[in-house]
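Source file: query05.cif; contents: mmCIF, C-alpha atoms.
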data_structure
loop_
_atom_site.label_atom_id
_atom_site.label_comp_id
_atom_site.auth_asym_id
_atom_site.auth_seq_id
_atom_site.Cartn_x
_atom_site.Cartn_y
_atom_site.Cartn_z
CA MET A 10 0.00 0.00 0.00
CA GLU A 11 1.36 3.40 -0.96
CA SER A 12 1.85 5.99 1.72
CA SER A 13 -0.40 9.03 1.51
CA ASP A 14 0.93 11.08 4.40
CA ASP A 15 -0.10 14.40 2.83
CA THR A 16 -3.81 13.62 2.89
CA GLU A 17 -4.10 11.60 6.09
CA GLU A 18 -5.45 13.25 9.20
CA PRO A 19 -2.85 13.21 11.97
CA PRO A 20 -3.74 10.44 14.41
CA LEU A 21 -5.38 11.43 17.67
CA PRO A 22 -3.14 10.75 20.66
CA LEU A 23 -5.66 8.53 22.45
CA ALA A 24 -8.28 6.18 21.05
CA LEU A 25 -10.93 5.66 23.76
CA SER A 26 -11.73 2.12 22.60
CA ARG A 27 -8.12 1.07 23.32
CA PHE A 28 -8.86 1.72 27.00
CA GLN A 29 -12.34 0.13 27.10
CA VAL A 30 -13.85 3.62 27.32
CA SER A 31 -17.10 4.00 25.38
CA GLU A 32 -18.01 6.96 23.15
CA GLU A 33 -21.59 6.61 24.44
CA PHE A 34 -21.14 5.48 28.05
CA GLY A 35 -17.67 6.71 29.05
CA PHE A 36 -16.26 4.57 31.87
CA LEU A 37 -19.60 2.79 32.44
CA LEU A 38 -19.77 -0.83 31.29
CA PRO A 39 -22.02 -0.61 28.21
CA ASP A 40 -25.36 -2.42 28.82
CA PRO A 41 -24.05 -4.92 31.41
CA LEU A 42 -25.23 -8.53 31.48
CA THR A 43 -27.87 -9.24 34.12
CA GLU A 44 -27.67 -13.07 34.20
CA LEU A 45 -24.77 -15.48 34.56
CA PRO A 46 -24.65 -18.87 32.78
CA ALA A 47 -26.73 -21.64 34.41
CA PRO A 48 -23.86 -23.26 36.39
CA TYR A 49 -23.65 -20.06 38.46
CA SER A 50 -27.28 -20.01 39.59
CA PRO A 51 -26.25 -20.63 43.25
CA TRP A 52 -24.46 -17.24 43.17
CA MET A 53 -27.24 -15.41 41.34
CA ASP A 54 -29.98 -16.88 43.56
CA LEU A 55 -28.15 -15.73 46.68
CA ALA A 56 -27.38 -12.28 45.24
CA GLN A 57 -31.02 -11.67 44.30
CA GLU A 58 -32.09 -12.26 47.93
CA LEU A 59 -29.36 -10.27 49.68
CA PRO A 60 -31.47 -7.58 51.43
CA GLN A 61 -33.82 -10.17 52.97
CA LEU A 62 -31.03 -12.61 53.88
CA ILE A 63 -29.00 -9.88 55.58
CA SER A 64 -31.91 -8.36 57.49
CA SER A 65 -32.99 -11.83 58.69
CA HIS A 66 -29.35 -12.70 59.61
CA GLN A 67 -29.38 -15.77 57.36
CA LEU A 68 -26.80 -14.83 54.72
CA ARG A 69 -23.78 -16.30 56.49
CA SER A 70 -25.41 -19.69 56.98
CA ARG A 71 -26.58 -19.69 53.34
CA VAL A 72 -23.06 -18.89 52.13
CA GLN A 73 -21.68 -21.75 54.24
CA GLN A 74 -24.01 -24.12 52.33
CA MET A 75 -23.09 -22.73 48.89
CA PRO A 76 -21.19 -25.09 46.57
CA GLN A 77 -17.68 -24.06 45.56
CA LEU A 78 -17.96 -23.33 41.85
CA SER A 79 -15.19 -23.32 39.27
CA THR A 80 -14.77 -20.04 37.40
CA GLN A 81 -13.71 -21.80 34.19
CA HIS A 82 -17.18 -21.51 32.57
CA LEU A 83 -17.12 -17.70 32.69
CA ARG A 84 -16.52 -16.29 29.22
CA GLY A 85 -15.60 -12.74 28.26
CA ARG A 86 -15.37 -9.45 30.10
CA GLU A 87 -19.13 -8.98 30.63
CA GLU A 88 -19.60 -12.35 32.38
CA LEU A 89 -16.52 -11.72 34.53
CA HIS A 90 -17.77 -8.26 35.52
CA LEU A 91 -21.18 -9.62 36.51
CA ALA A 92 -19.55 -12.45 38.49
CA HIS A 93 -17.32 -9.90 40.26
CA LEU A 94 -20.35 -7.70 41.02
CA VAL A 95 -22.32 -10.65 42.43
CA LEU A 96 -19.45 -12.02 44.54
CA SER A 97 -18.58 -8.49 45.77
CA PHE A 98 -22.10 -7.88 47.04
CA ILE A 99 -22.30 -11.33 48.66
CA THR A 100 -18.93 -10.70 50.35
CA MET A 101 -19.94 -7.29 51.73
CA GLY A 102 -23.18 -8.77 53.04
CA TYR A 103 -21.30 -11.70 54.60
CA VAL A 104 -18.71 -9.52 56.34
CA TRP A 105 -21.09 -6.80 57.59
CA GLN A 106 -24.30 -8.81 58.22
CA GLU A 107 -24.05 -8.19 61.99
CA GLY A 108 -22.72 -4.63 61.77
CA GLU A 109 -19.27 -3.46 62.81
CA GLU A 110 -19.40 -5.27 66.15
CA GLY A 111 -20.05 -8.68 64.60
CA THR A 112 -17.48 -8.87 61.80
CA VAL A 113 -15.79 -12.08 60.67
CA GLN A 114 -12.08 -12.76 60.31
CA VAL A 115 -12.34 -15.35 57.53
CA LEU A 116 -14.11 -15.34 54.18
CA PRO A 117 -14.98 -19.02 53.53
CA ARG A 118 -13.18 -20.89 50.76
CA ASN A 119 -16.31 -21.48 48.62
CA LEU A 120 -16.67 -17.70 48.30
CA ALA A 121 -13.06 -16.54 48.63
CA VAL A 122 -11.45 -18.76 45.97
CA PRO A 123 -13.77 -18.00 43.03
CA TYR A 124 -13.89 -14.34 44.06
CA TRP A 125 -10.09 -14.19 44.00
CA GLU A 126 -9.94 -15.93 40.60
CA VAL A 127 -12.48 -13.57 38.99
CA SER A 128 -10.67 -10.59 40.54
CA GLN A 129 -7.35 -11.76 39.12
CA ALA A 130 -8.88 -12.22 35.67
CA LEU A 131 -10.22 -8.63 35.69
CA GLY A 132 -7.26 -7.02 37.45
CA LEU A 133 -9.58 -5.78 40.20
CA PRO A 134 -9.22 -6.24 43.98
CA PRO A 135 -11.47 -8.79 45.75
CA ILE A 136 -13.73 -6.19 47.36
CA LEU A 137 -16.70 -4.10 46.28
CA SER A 138 -15.37 -1.06 44.39
CA HIS A 139 -16.84 1.77 42.31
CA ALA A 140 -16.25 -0.39 39.22
CA ASP A 141 -18.77 -2.95 40.56
CA PHE A 142 -21.13 -0.82 42.59
CA VAL A 143 -21.85 1.74 39.84
CA LEU A 144 -20.09 1.06 36.53
CA ALA A 145 -21.30 -2.54 36.13
CA ASN A 146 -24.49 -2.47 38.22
CA TRP A 147 -27.19 -0.97 36.00
CA ARG A 148 -29.88 -2.02 33.56
CA ARG A 149 -32.62 -0.31 31.60
CA LYS A 150 -36.20 -1.24 32.49
CA ASP A 151 -37.20 -0.63 28.87
CA PRO A 152 -34.22 -1.82 26.77
CA ASN A 153 -35.03 0.79 24.12
CA GLY A 154 -35.73 3.57 26.61
CA PRO A 155 -33.43 6.45 27.63
CA LEU A 156 -30.60 6.40 30.15
CA GLU A 157 -32.64 8.34 32.71
CA ILE A 158 -33.30 7.48 36.32
CA GLU A 159 -36.97 6.59 35.73
CA ASN A 160 -35.88 3.94 33.20
CA LEU A 161 -32.95 2.59 35.23
CA ASP A 162 -32.53 -0.01 37.93
CA THR A 163 -29.69 -1.80 39.66
CA ILE A 164 -28.83 -5.44 38.91
CA ILE A 165 -27.83 -6.42 42.47
CA THR A 166 -28.77 -4.59 45.66
CA LEU A 167 -28.18 -4.57 49.42
CA PRO A 168 -30.21 -3.26 52.38
CA GLY A 169 -31.23 0.37 51.88
CA GLY A 170 -34.20 0.07 49.53
CA GLU A 171 -34.97 3.08 47.36
CA SER A 172 -32.20 5.15 48.95
CA LEU A 173 -29.56 2.61 47.91
CA ARG A 174 -31.04 2.43 44.42
CA GLY A 175 -31.00 6.25 44.25
CA PHE A 176 -27.40 6.45 45.52
CA ILE A 177 -26.16 4.04 42.84
CA LEU A 178 -28.19 5.50 39.97
CA VAL A 179 -27.48 9.17 40.73
CA THR A 180 -23.76 8.30 40.83
CA LEU A 181 -24.23 6.52 37.50
CA LEU A 182 -25.84 9.66 36.03
CA VAL A 183 -22.82 11.69 37.17
CA GLU A 184 -20.62 9.24 35.23
CA LYS A 185 -22.90 9.54 32.20
CA ALA A 186 -22.84 13.35 32.34
CA ALA A 187 -19.05 13.20 32.16
CA VAL A 188 -19.01 11.51 28.73
CA PRO A 189 -18.74 14.70 26.59
CA GLY A 190 -15.87 15.76 28.87
CA ILE A 191 -14.07 12.44 28.35
CA LYS A 192 -14.36 12.91 24.58
CA ALA A 193 -13.16 16.50 25.00
CA ILE A 194 -9.95 15.16 26.60
CA VAL A 195 -9.08 13.43 23.32
CA GLN A 196 -9.96 16.56 21.31
CA ALA A 197 -7.91 18.80 23.61
CA LEU A 198 -4.81 16.62 23.38
CA GLY A 199 -5.17 16.42 19.60
CA ALA A 200 -5.44 20.21 19.47
CA VAL A 201 -2.28 20.61 21.59
CA LEU A 202 -0.34 18.30 19.24
CA GLN A 203 -1.60 20.15 16.19
CA ARG A 204 -1.15 23.58 17.81
CA ASP A 205 -4.77 24.30 16.96
CA GLU A 206 -5.92 26.91 19.47
CA GLU A 207 -9.45 27.11 18.06
CA SER A 208 -10.00 23.36 18.53
CA LEU A 209 -8.47 23.54 22.01
CA HIS A 210 -10.88 26.35 22.93
CA ARG A 211 -13.86 24.24 21.74
CA ALA A 212 -12.62 21.20 23.68
CA LEU A 213 -12.24 23.24 26.89
CA GLN A 214 -15.77 24.64 26.45
CA GLU A 215 -17.07 21.06 26.08
CA LEU A 216 -15.18 19.98 29.19
CA ALA A 217 -16.51 22.86 31.33
CA GLY A 218 -20.06 22.08 30.16
CA ALA A 219 -19.67 18.39 31.05
CA ILE A 220 -18.40 19.18 34.55
CA ARG A 221 -21.34 21.54 35.13
CA ALA A 222 -23.70 18.76 33.96
CA MET A 223 -22.03 16.40 36.46
CA SER A 224 -22.79 18.91 39.23
CA GLU A 225 -26.44 19.05 38.13
CA ALA A 226 -26.63 15.25 38.21
CA LEU A 227 -24.99 15.10 41.66
CA ARG A 228 -27.57 17.52 43.08
CA ARG A 229 -30.23 14.86 42.47
CA MET A 230 -28.76 12.91 45.39
CA HIS A 231 -30.91 15.12 47.66
CA ASP A 232 -34.07 13.93 45.86
CA TYR A 233 -33.36 10.21 45.92
CA VAL A 234 -31.31 9.38 49.02
CA ASP A 235 -32.45 9.67 52.65
CA PRO A 236 -29.47 10.76 54.84
CA GLN A 237 -30.51 8.60 57.78
CA VAL A 238 -30.87 5.49 55.61
CA PHE A 239 -27.56 6.18 53.89
CA TYR A 240 -25.68 6.67 57.15
CA SER A 241 -27.37 4.03 59.31
CA VAL A 242 -28.01 1.26 56.77
CA ILE A 243 -26.10 1.64 53.51
CA ARG A 244 -22.72 3.02 54.44
CA ILE A 245 -21.34 0.06 56.35
CA PHE A 246 -21.72 -2.21 53.30
CA LEU A 247 -19.33 0.06 51.39
CA SER A 248 -16.70 -0.20 54.15
CA GLY A 249 -13.46 -2.05 53.59
CA TRP A 250 -10.93 -3.79 55.80
CA LYS A 251 -8.01 -1.39 55.43
CA ASP A 252 -7.64 1.59 57.78
CA ASN A 253 -10.91 0.54 59.43
CA PRO A 254 -10.85 0.20 63.25
CA ALA A 255 -13.75 -2.29 63.04
CA MET A 256 -11.47 -4.72 61.13
CA PRO A 257 -7.94 -3.73 62.14
CA HIS A 258 -6.34 -6.98 60.97
CA GLY A 259 -7.97 -7.25 57.55
CA LEU A 260 -9.71 -10.38 56.25
CA ILE A 261 -8.39 -13.89 55.59
CA TYR A 262 -9.47 -15.17 52.16
CA GLU A 263 -9.57 -18.90 52.93
CA GLY A 264 -7.81 -21.00 50.30
CA VAL A 265 -6.09 -17.91 48.90
CA SER A 266 -3.77 -16.62 51.62
CA PRO A 267 -3.13 -17.76 55.20
CA GLU A 268 -2.38 -14.12 56.09
CA PRO A 269 -5.17 -11.53 56.28
CA LEU A 270 -5.46 -9.13 53.32
CA ALA A 271 -6.48 -5.48 53.62
CA PHE A 272 -8.48 -3.60 50.97
CA SER A 273 -10.14 -0.19 51.00
CA GLY A 274 -13.90 0.10 50.67
CA GLY A 275 -15.78 1.71 47.82
CA SER A 276 -15.07 5.40 47.29
CA ALA A 277 -15.87 8.14 44.80
CA ALA A 278 -12.07 8.54 44.60
CA GLN A 279 -12.08 5.27 42.62
CA SER A 280 -13.96 6.92 39.73
CA SER A 281 -11.61 7.46 36.77
CA VAL A 282 -13.45 10.59 35.63
CA LEU A 283 -12.04 13.15 38.07
CA HIS A 284 -8.56 11.59 37.91
CA ALA A 285 -8.65 12.08 34.13
CA PHE A 286 -9.82 15.70 34.38
CA ASP A 287 -7.14 16.46 37.00
CA GLU A 288 -4.42 15.03 34.76
CA LEU A 289 -5.66 16.95 31.72
CA LEU A 290 -5.79 20.28 33.58
CA GLY A 291 -2.51 19.72 35.42
CA ILE A 292 -4.11 19.87 38.90
CA CYS A 293 -1.49 19.08 41.55
CA HIS A 294 -2.78 17.72 44.86
CA ARG A 295 -0.84 17.83 48.13
CA GLN A 296 1.44 14.93 48.87
CA ASP A 297 -0.66 12.88 51.32
CA THR A 298 -3.86 13.50 49.35
CA ALA A 299 -2.15 12.60 46.07
CA ALA A 300 -0.80 9.39 47.64
CA PHE A 301 -4.32 8.29 48.65
CA LEU A 302 -5.73 9.15 45.21
CA HIS A 303 -2.98 7.16 43.50
CA ARG A 304 -3.75 4.18 45.75
CA MET A 305 -7.40 4.43 44.69
CA ARG A 306 -6.31 3.89 41.08
CA ASP A 307 -5.54 0.27 42.02
CA TYR A 308 -9.33 -0.16 42.37
CA MET A 309 -10.06 0.92 38.78
CA PRO A 310 -10.33 -1.54 35.88
CA PRO A 311 -6.76 -1.74 34.48
CA PRO A 312 -7.62 -0.22 31.06
CA HIS A 313 -9.17 2.83 32.78
CA ARG A 314 -6.14 3.11 35.05
CA ALA A 315 -3.94 3.00 31.93
CA PHE A 316 -6.01 5.78 30.31
CA VAL A 317 -5.50 8.06 33.32
CA ARG A 318 -1.79 7.20 33.43
CA GLU A 319 -1.42 7.96 29.72
CA LEU A 320 -2.82 11.45 30.24
CA ARG A 321 0.07 12.29 32.53
CA GLY A 322 2.54 11.73 29.71
CA ALA A 323 0.40 13.44 27.05
CA GLY A 324 0.83 17.03 25.83
CA SER A 325 0.29 19.64 28.53
CA VAL A 326 -2.90 21.64 27.98
CA ARG A 327 -1.93 24.03 30.76
CA ARG A 328 1.48 24.72 29.22
CA CYS A 329 -0.13 25.27 25.82
CA VAL A 330 -2.63 27.79 27.27
CA LEU A 331 0.13 29.65 29.12
CA ALA A 332 2.37 29.74 26.03
CA SER A 333 -0.44 31.04 23.81
CA GLY A 334 -0.96 34.22 25.84
CA ASP A 335 -4.55 34.11 24.51
CA SER A 336 -6.96 35.57 27.11
CA ARG A 337 -9.92 33.72 25.52
CA LEU A 338 -8.11 30.38 25.85
CA ARG A 339 -7.09 31.20 29.42
CA ALA A 340 -10.71 32.05 30.31
CA ALA A 341 -11.93 28.74 28.83
CA PHE A 342 -9.28 26.83 30.82
CA ASN A 343 -10.23 28.65 34.02
CA ARG A 344 -13.93 27.86 33.46
CA CYS A 345 -12.97 24.17 33.55
CA VAL A 346 -11.02 24.63 36.78
CA CYS A 347 -13.86 26.65 38.36
CA ALA A 348 -16.43 24.03 37.34
CA LEU A 349 -14.27 21.28 38.86
CA THR A 350 -13.82 23.31 42.06
CA ASP A 351 -17.59 23.85 42.26
CA PHE A 352 -18.22 20.13 41.74
CA ARG A 353 -15.88 19.31 44.61
CA SER A 354 -17.52 21.95 46.83
CA GLN A 355 -20.86 20.36 46.12
CA HIS A 356 -19.45 16.93 46.99
CA ILE A 357 -18.31 18.36 50.35
CA ALA A 358 -21.84 19.70 50.97
CA ILE A 359 -23.31 16.26 50.27
CA VAL A 360 -20.79 14.54 52.55
CA THR A 361 -21.63 17.09 55.27
CA LYS A 362 -25.33 16.27 54.98
CA TYR A 363 -25.06 12.50 54.54
CA ILE A 364 -22.18 11.79 56.93
CA ALA A 365 -21.33 14.64 59.34
CA ILE A 366 -24.87 15.79 60.16
CA ALA A 367 -26.20 12.22 59.96
CA ALA A 368 -23.43 11.09 62.36
CA THR A 369 -24.38 13.80 64.87
CA LYS A 370 -28.02 12.70 64.73
CA ALA A 371 -27.00 9.04 65.09
CA ARG A 372 -24.91 9.85 68.19
CA ALA A 373 -27.87 11.70 69.67
CA ARG A 374 -30.13 8.71 69.03
CA ARG A 375 -27.58 6.34 70.63
CA ALA A 376 -27.56 8.54 73.73
CA GLU A 377 -31.34 8.41 74.12
CA PRO A 378 -32.73 6.26 76.95
CA GLY A 379 -33.81 2.88 75.66
CA ALA A 380 -31.59 3.08 72.52
CA SER A 381 -31.01 -0.42 71.23
CA ALA A 382 -27.73 -2.00 72.24
CA GLY A 383 -26.31 -5.02 70.48
CA PRO A 384 -25.06 -5.45 66.92
CA SER A 385 -27.31 -5.12 63.92
CA ALA A 386 -26.99 -4.19 60.26
CA GLY A 387 -29.12 -1.10 60.94
CA LYS A 388 -26.80 0.28 63.60
CA PRO A 389 -24.70 3.21 62.34
CA PRO A 390 -20.97 2.41 62.06
CA ALA A 391 -19.25 4.50 64.74
CA ALA A 392 -15.78 3.43 63.49
CA LEU A 393 -16.27 5.47 60.33
CA GLU A 394 -17.78 8.65 61.76
CA THR A 395 -14.85 10.79 60.58
CA LYS A 396 -13.53 8.57 57.80
CA GLY A 397 -14.62 7.80 54.26
CA THR A 398 -15.39 4.21 53.31
CA GLY A 399 -12.11 4.22 51.37
CA GLY A 400 -10.29 4.93 54.65
CA SER A 401 -9.42 8.63 54.19
CA HIS A 402 -10.01 11.30 56.83
CA ILE A 403 -12.94 12.57 54.95
CA PHE A 404 -13.22 16.33 55.42
CA SER A 405 -9.54 17.23 55.46
CA PHE A 406 -9.14 15.03 52.36
CA LEU A 407 -12.04 16.54 50.39
CA LYS A 408 -11.19 20.13 51.33
CA SER A 409 -7.56 19.58 50.37
CA ILE A 410 -8.63 18.29 46.95
CA ARG A 411 -11.04 21.19 46.44
CA ASP A 412 -8.45 23.79 47.47
CA SER A 413 -5.65 22.39 45.31
CA THR A 414 -8.10 22.29 42.37
CA ARG A 415 -8.80 26.01 42.85
CA GLU A 416 -5.05 26.66 42.90
CA GLY A 417 -4.97 25.34 39.32
CA LEU A 418 -6.46 28.61 38.00
CA ILE A 419 -4.22 30.53 35.61
CA SER A 420 -3.95 34.15 36.73
CA ALA A 421 -4.13 36.97 34.20
#
If you took the structure in this file and wrote it as structure tokens, what would it be?
Amino acid sequence: MESSDDTEEPPLPLALSRFQVSEEFGFLLPDPLTELPAPYSPWMDLAQELPQLISSHQLRSRVQQMPQLSTQHLRGREELHLAHLVLSFITMGYVWQEGEEGTVQVLPRNLAVPYWEVSQALGLPPILSHADFVLANWRRKDPNGPLEIENLDTIITLPGGESLRGFILVTLLVEKAAVPGIKAIVQALGAVLQRDEESLHRALQELAGAIRAMSEALRRMHDYVDPQVFYSVIRIFLSGWKDNPAMPHGLIYEGVSPEPLAFSGGSAAQSSVLHAFDELLGICHRQDTAAFLHRMRDYMPPPHRAFVRELRGAGSVRRCVLASGDSRLRAAFNRCVCALTDFRSQHIAIVTKYIAIAATKARARRAEPGASAGPSAGKPPAALETKGTGGSHIFSFLKSIRDSTREGLISA
């Protein structure tokens, strides 16, 4: 084949498909499977009953009776992701069925071994992460209907009812709102390579619009999630066994490791979206905060982690804007930074409502005469009153991220 370099468009620096990032769904798993092959019905049957089994304190005994299944019949990424989702939810239910005062030290072999194998195949840790909880845990009620909350449902659930459903689906809508911004990343880097300031300006406008749409989606949390239910019922099931006083020694995965293993719980810091935007805009977080964020990348699907890593080595948008001396380009860049700062401020407001204020109310209820003693899945987790489920000191962490984002503004 003859070369035709003069007429070919220069290649874009990043092809989203190479990183399992969808043009339509972004980092979400496109239209996830909702059923595993027949040999895995013992897992699916258990997963479909989780809220009732946990609230009736029967899940642990049911898991003990579960056959140990081989993972060799799982085919392809979609089946592996559904298996990981199912086993993650069963594991969280098993560990936290009796609340933080009734945790276990050992995950039984019939659950631990297949869970480990599926995790290894996907390059994910054997714990519930954002990749399971949100990215792979959605279905449309009407397959031809829109990706809107009224037409969406979760595949697997835990105690928490409509509030849990709302928490997952609103988070999913934030991910969906980010999609034009993810595509704008590719356009911006292409524009930097081609020294095309007009295209870079358009890409930055797209990115700022996407971040504002993410903020609008996040605001819907107030409509769909009850703070008391989130704090008292849901939150413990997102908790991990690293940096958690309720499980200081971690968890033994029987048949996998004789030593306990420690993994962080699910966290918004495991979403690839904000990591990608930070890298594109050259946002520099403070050392301890950056170290935690980098550790959270280990909880992303490896192709998404690779995408974020690739952005660090790509052309610098910030440097290009500074070098241009163009006030219009600088204003567009700063709109992105302001939108990202506002998004993080809004996240802090939500954490204040759903964790700090809810924790104060929970403490007051515990102090009331006749407050129930004894462990239960509905008892708020005192061990995590000041920490995120990922193990970070929540307010100092979030404020540090917000403040260092604001410092990314380019002054005139």
Next on the checklist: Running the PyMOL selection byres ((chain A and resi 81) around 10) on this model by hand, what would come out? Give it as a PyMOL selection string.
Outcome noted: chain A and resi 78-80+82-84+123+126-127
Please produce an output containing C-alpha atoms for each residue in the selection, written as a PDB file, keeping the file's coordinate frame.
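Okay, this is what ended up in again_32.pdb:
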ATOM      1  CA  LEU A  78     -17.960 -23.330  41.850  1.00  0.00           C
ATOM      2  CA  SER A  79     -15.190 -23.320  39.270  1.00  0.00           C
ATOM      3  CA  THR A  80     -14.770 -20.040  37.400  1.00  0.00           C
ATOM      4  CA  HIS A  82     -17.180 -21.510  32.570  1.00  0.00           C
ATOM      5  CA  LEU A  83     -17.120 -17.700  32.690  1.00  0.00           C
ATOM      6  CA  ARG A  84     -16.520 -16.290  29.220  1.00  0.00           C
ATOM      7  CA  PRO A 123     -13.770 -18.000  43.030  1.00  0.00           C
ATOM      8  CA  GLU A 126      -9.940 -15.930  40.600  1.00  0.00           C
ATOM      9  CA  VAL A 127     -12.480 -13.570  38.990  1.00  0.00           C
TER      10      VAL A 127
END
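Near Phe286 (chain A), within a cut-off of 9 Å and counting only C-alpha atoms, sit the residues A:Gly190, A:Ile191, A:Ile194, A:Leu216, A:Ile292, A:Val317, A:Leu349, with same-chain residues fewer than 6 positions away left out.
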Could the residues of region 125-189 of chain A that have an atom at most 12 Å from region 49-53 of chain A be listed as JSON lines, each with its closest atom pair and the distance in Å to one decimal, counting all atoms listed in the file and ordered by chain and ascending residue number?
{"residue": "A:Ile164", "atom": "CA", "partner": "A:Met53", "partner_atom": "CA", "distance": 10.4}
{"residue": "A:Ile165", "atom": "CA", "partner": "A:Met53", "partner_atom": "CA", "distance": 9.1}
{"residue": "A:Thr166", "atom": "CA", "partner": "A:Met53", "partner_atom": "CA", "distance": 11.8}
Next on the checklist: Just to confirm, what's the straight-line distance from CA of Ala56 (chain A) to CA of Thr100 (chain A) in Å (one decimal)?
Outcome noted: 10.0 Å
Next on the checklist: Would you pick out the contacts of Leu62 (chain A) at 12 Å or less, using all atoms listed in the file, so that residues sharing its chain but fewer than 4 positions from it are not included, and give the list as a PyMOL selection string?
Outcome noted: chain A and resi 54-58+66-72+99+102-103+106-107+166-168+386
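The shortest atom-to-atom distance to Cys347 (chain A), with all atoms listed in the file taken into account, belongs to A:Glu416 out of A:Glu44, A:Asp335, A:Asp297, A:Glu416.
The list of residues with at least one atom within 9 Å of Glu263 (chain A), based on only C-alpha atoms and without residues fewer than 2 positions apart in the same chain, reads Val115, Leu116, Pro117, Arg118, Asn119, Leu120, Ala121, Val122, Ile261, Val265, Ser266 and Pro267 of chain A.
Computed from the coordinates, the CA of Lys408 (chain A) to CA of Thr350 (chain A) distance equals 10.1 Å.
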Checklist entry - Closest to Phe316 (chain A) among A:Asn153, A:Gln77, A:Gln29, A:Asn253, using only C-alpha atoms? => result A:Gln29
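Minimum distance to Phe28 (chain A) across A:Ala226, A:Ser248, A:Arg318, A:Ser273 (counting all atoms listed in the file) occurs at A:Arg318.
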Next on the checklist: Applying the PyMOL selection byres ((chain A and resi 147) around 12) to the file I just gave you, which residues come out? Please list them as a PyMOL selection string.
Outcome noted: chain A and resi 34+37-43+90-91+94+140-146+148-150+152+156-158+160-166+174-175+177-182+185
Next on the checklist: Which residues are close to Gly322 (chain A), i.e. within 12 Å by only C-alpha atoms, leaving aside same-chain residues fewer than 5 positions away? Reply as a PyMOL selection string.
Outcome noted: chain A and resi 22-23+198+288-289+291+315-317
Kindly save the residues from that selection, with C-alpha atoms included, as a PDB file, keeping the file's coordinate frame.
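Printed below is out_35.pdb as written:
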ATOM      1  CA  PRO A  22      -3.140  10.750  20.660  1.00  0.00           C
ATOM      2  CA  LEU A  23      -5.660   8.530  22.450  1.00  0.00           C
ATOM      3  CA  LEU A 198      -4.810  16.620  23.380  1.00  0.00           C
ATOM      4  CA  GLU A 288      -4.420  15.030  34.760  1.00  0.00           C
ATOM      5  CA  LEU A 289      -5.660  16.950  31.720  1.00  0.00           C
ATOM      6  CA  GLY A 291      -2.510  19.720  35.420  1.00  0.00           C
ATOM      7  CA  ALA A 315      -3.940   3.000  31.930  1.00  0.00           C
ATOM      8  CA  PHE A 316      -6.010   5.780  30.310  1.00  0.00           C
ATOM      9  CA  VAL A 317      -5.500   8.060  33.320  1.00  0.00           C
TER      10      VAL A 317
END
Your completed region 148-160 of chain A with N, CA and C atoms, as a PDB file, in the frame of the given file:
ATOM      1  N   ARG A 148     -29.131  -1.485  34.708  1.00  0.00           N
ATOM      2  CA  ARG A 148     -29.880  -2.020  33.560  1.00  0.00           C
ATOM      3  C   ARG A 148     -31.017  -1.067  33.242  1.00  0.00           C
ATOM      4  N   ARG A 149     -31.452  -1.103  31.998  1.00  0.00           N
ATOM      5  CA  ARG A 149     -32.620  -0.310  31.600  1.00  0.00           C
ATOM      6  C   ARG A 149     -33.880  -1.143  31.837  1.00  0.00           C
ATOM      7  N   LYS A 150     -34.912  -0.529  32.364  1.00  0.00           N
ATOM      8  CA  LYS A 150     -36.200  -1.240  32.490  1.00  0.00           C
ATOM      9  C   LYS A 150     -36.777  -1.504  31.105  1.00  0.00           C
ATOM     10  N   ASP A 151     -36.822  -0.477  30.283  1.00  0.00           N
ATOM     11  CA  ASP A 151     -37.200  -0.630  28.870  1.00  0.00           C
ATOM     12  C   ASP A 151     -35.897  -0.601  28.078  1.00  0.00           C
ATOM     13  N   PRO A 152     -35.516  -1.742  27.463  1.00  0.00           N
ATOM     14  CA  PRO A 152     -34.220  -1.820  26.770  1.00  0.00           C
ATOM     15  C   PRO A 152     -34.030  -0.737  25.716  1.00  0.00           C
ATOM     16  N   ASN A 153     -35.133  -0.244  25.153  1.00  0.00           N
ATOM     17  CA  ASN A 153     -35.030   0.790  24.120  1.00  0.00           C
ATOM     18  C   ASN A 153     -35.225   2.197  24.684  1.00  0.00           C
ATOM     19  N   GLY A 154     -35.452   2.280  25.986  1.00  0.00           N
ATOM     20  CA  GLY A 154     -35.730   3.570  26.610  1.00  0.00           C
ATOM     21  C   GLY A 154     -34.449   4.343  26.918  1.00  0.00           C
ATOM     22  N   PRO A 155     -34.587   5.570  27.409  1.00  0.00           N
ATOM     23  CA  PRO A 155     -33.430   6.450  27.630  1.00  0.00           C
ATOM     24  C   PRO A 155     -32.652   6.077  28.891  1.00  0.00           C
ATOM     25  N   LEU A 156     -31.440   6.603  28.977  1.00  0.00           N
ATOM     26  CA  LEU A 156     -30.600   6.400  30.150  1.00  0.00           C
ATOM     27  C   LEU A 156     -30.948   7.489  31.175  1.00  0.00           C
ATOM     28  N   GLU A 157     -32.171   7.388  31.713  1.00  0.00           N
ATOM     29  CA  GLU A 157     -32.640   8.340  32.710  1.00  0.00           C
ATOM     30  C   GLU A 157     -33.110   7.562  33.935  1.00  0.00           C
ATOM     31  N   ILE A 158     -33.127   8.209  35.066  1.00  0.00           N
ATOM     32  CA  ILE A 158     -33.300   7.480  36.320  1.00  0.00           C
ATOM     33  C   ILE A 158     -34.629   6.721  36.376  1.00  0.00           C
ATOM     34  N   GLU A 159     -35.666   7.262  35.724  1.00  0.00           N
ATOM     35  CA  GLU A 159     -36.970   6.590  35.730  1.00  0.00           C
ATOM     36  C   GLU A 159     -36.926   5.275  34.952  1.00  0.00           C
ATOM     37  N   ASN A 160     -35.983   5.154  34.030  1.00  0.00           N
ATOM     38  CA  ASN A 160     -35.880   3.940  33.200  1.00  0.00           C
ATOM     39  C   ASN A 160     -34.698   3.073  33.618  1.00  0.00           C
TER      40      ASN A 160
END
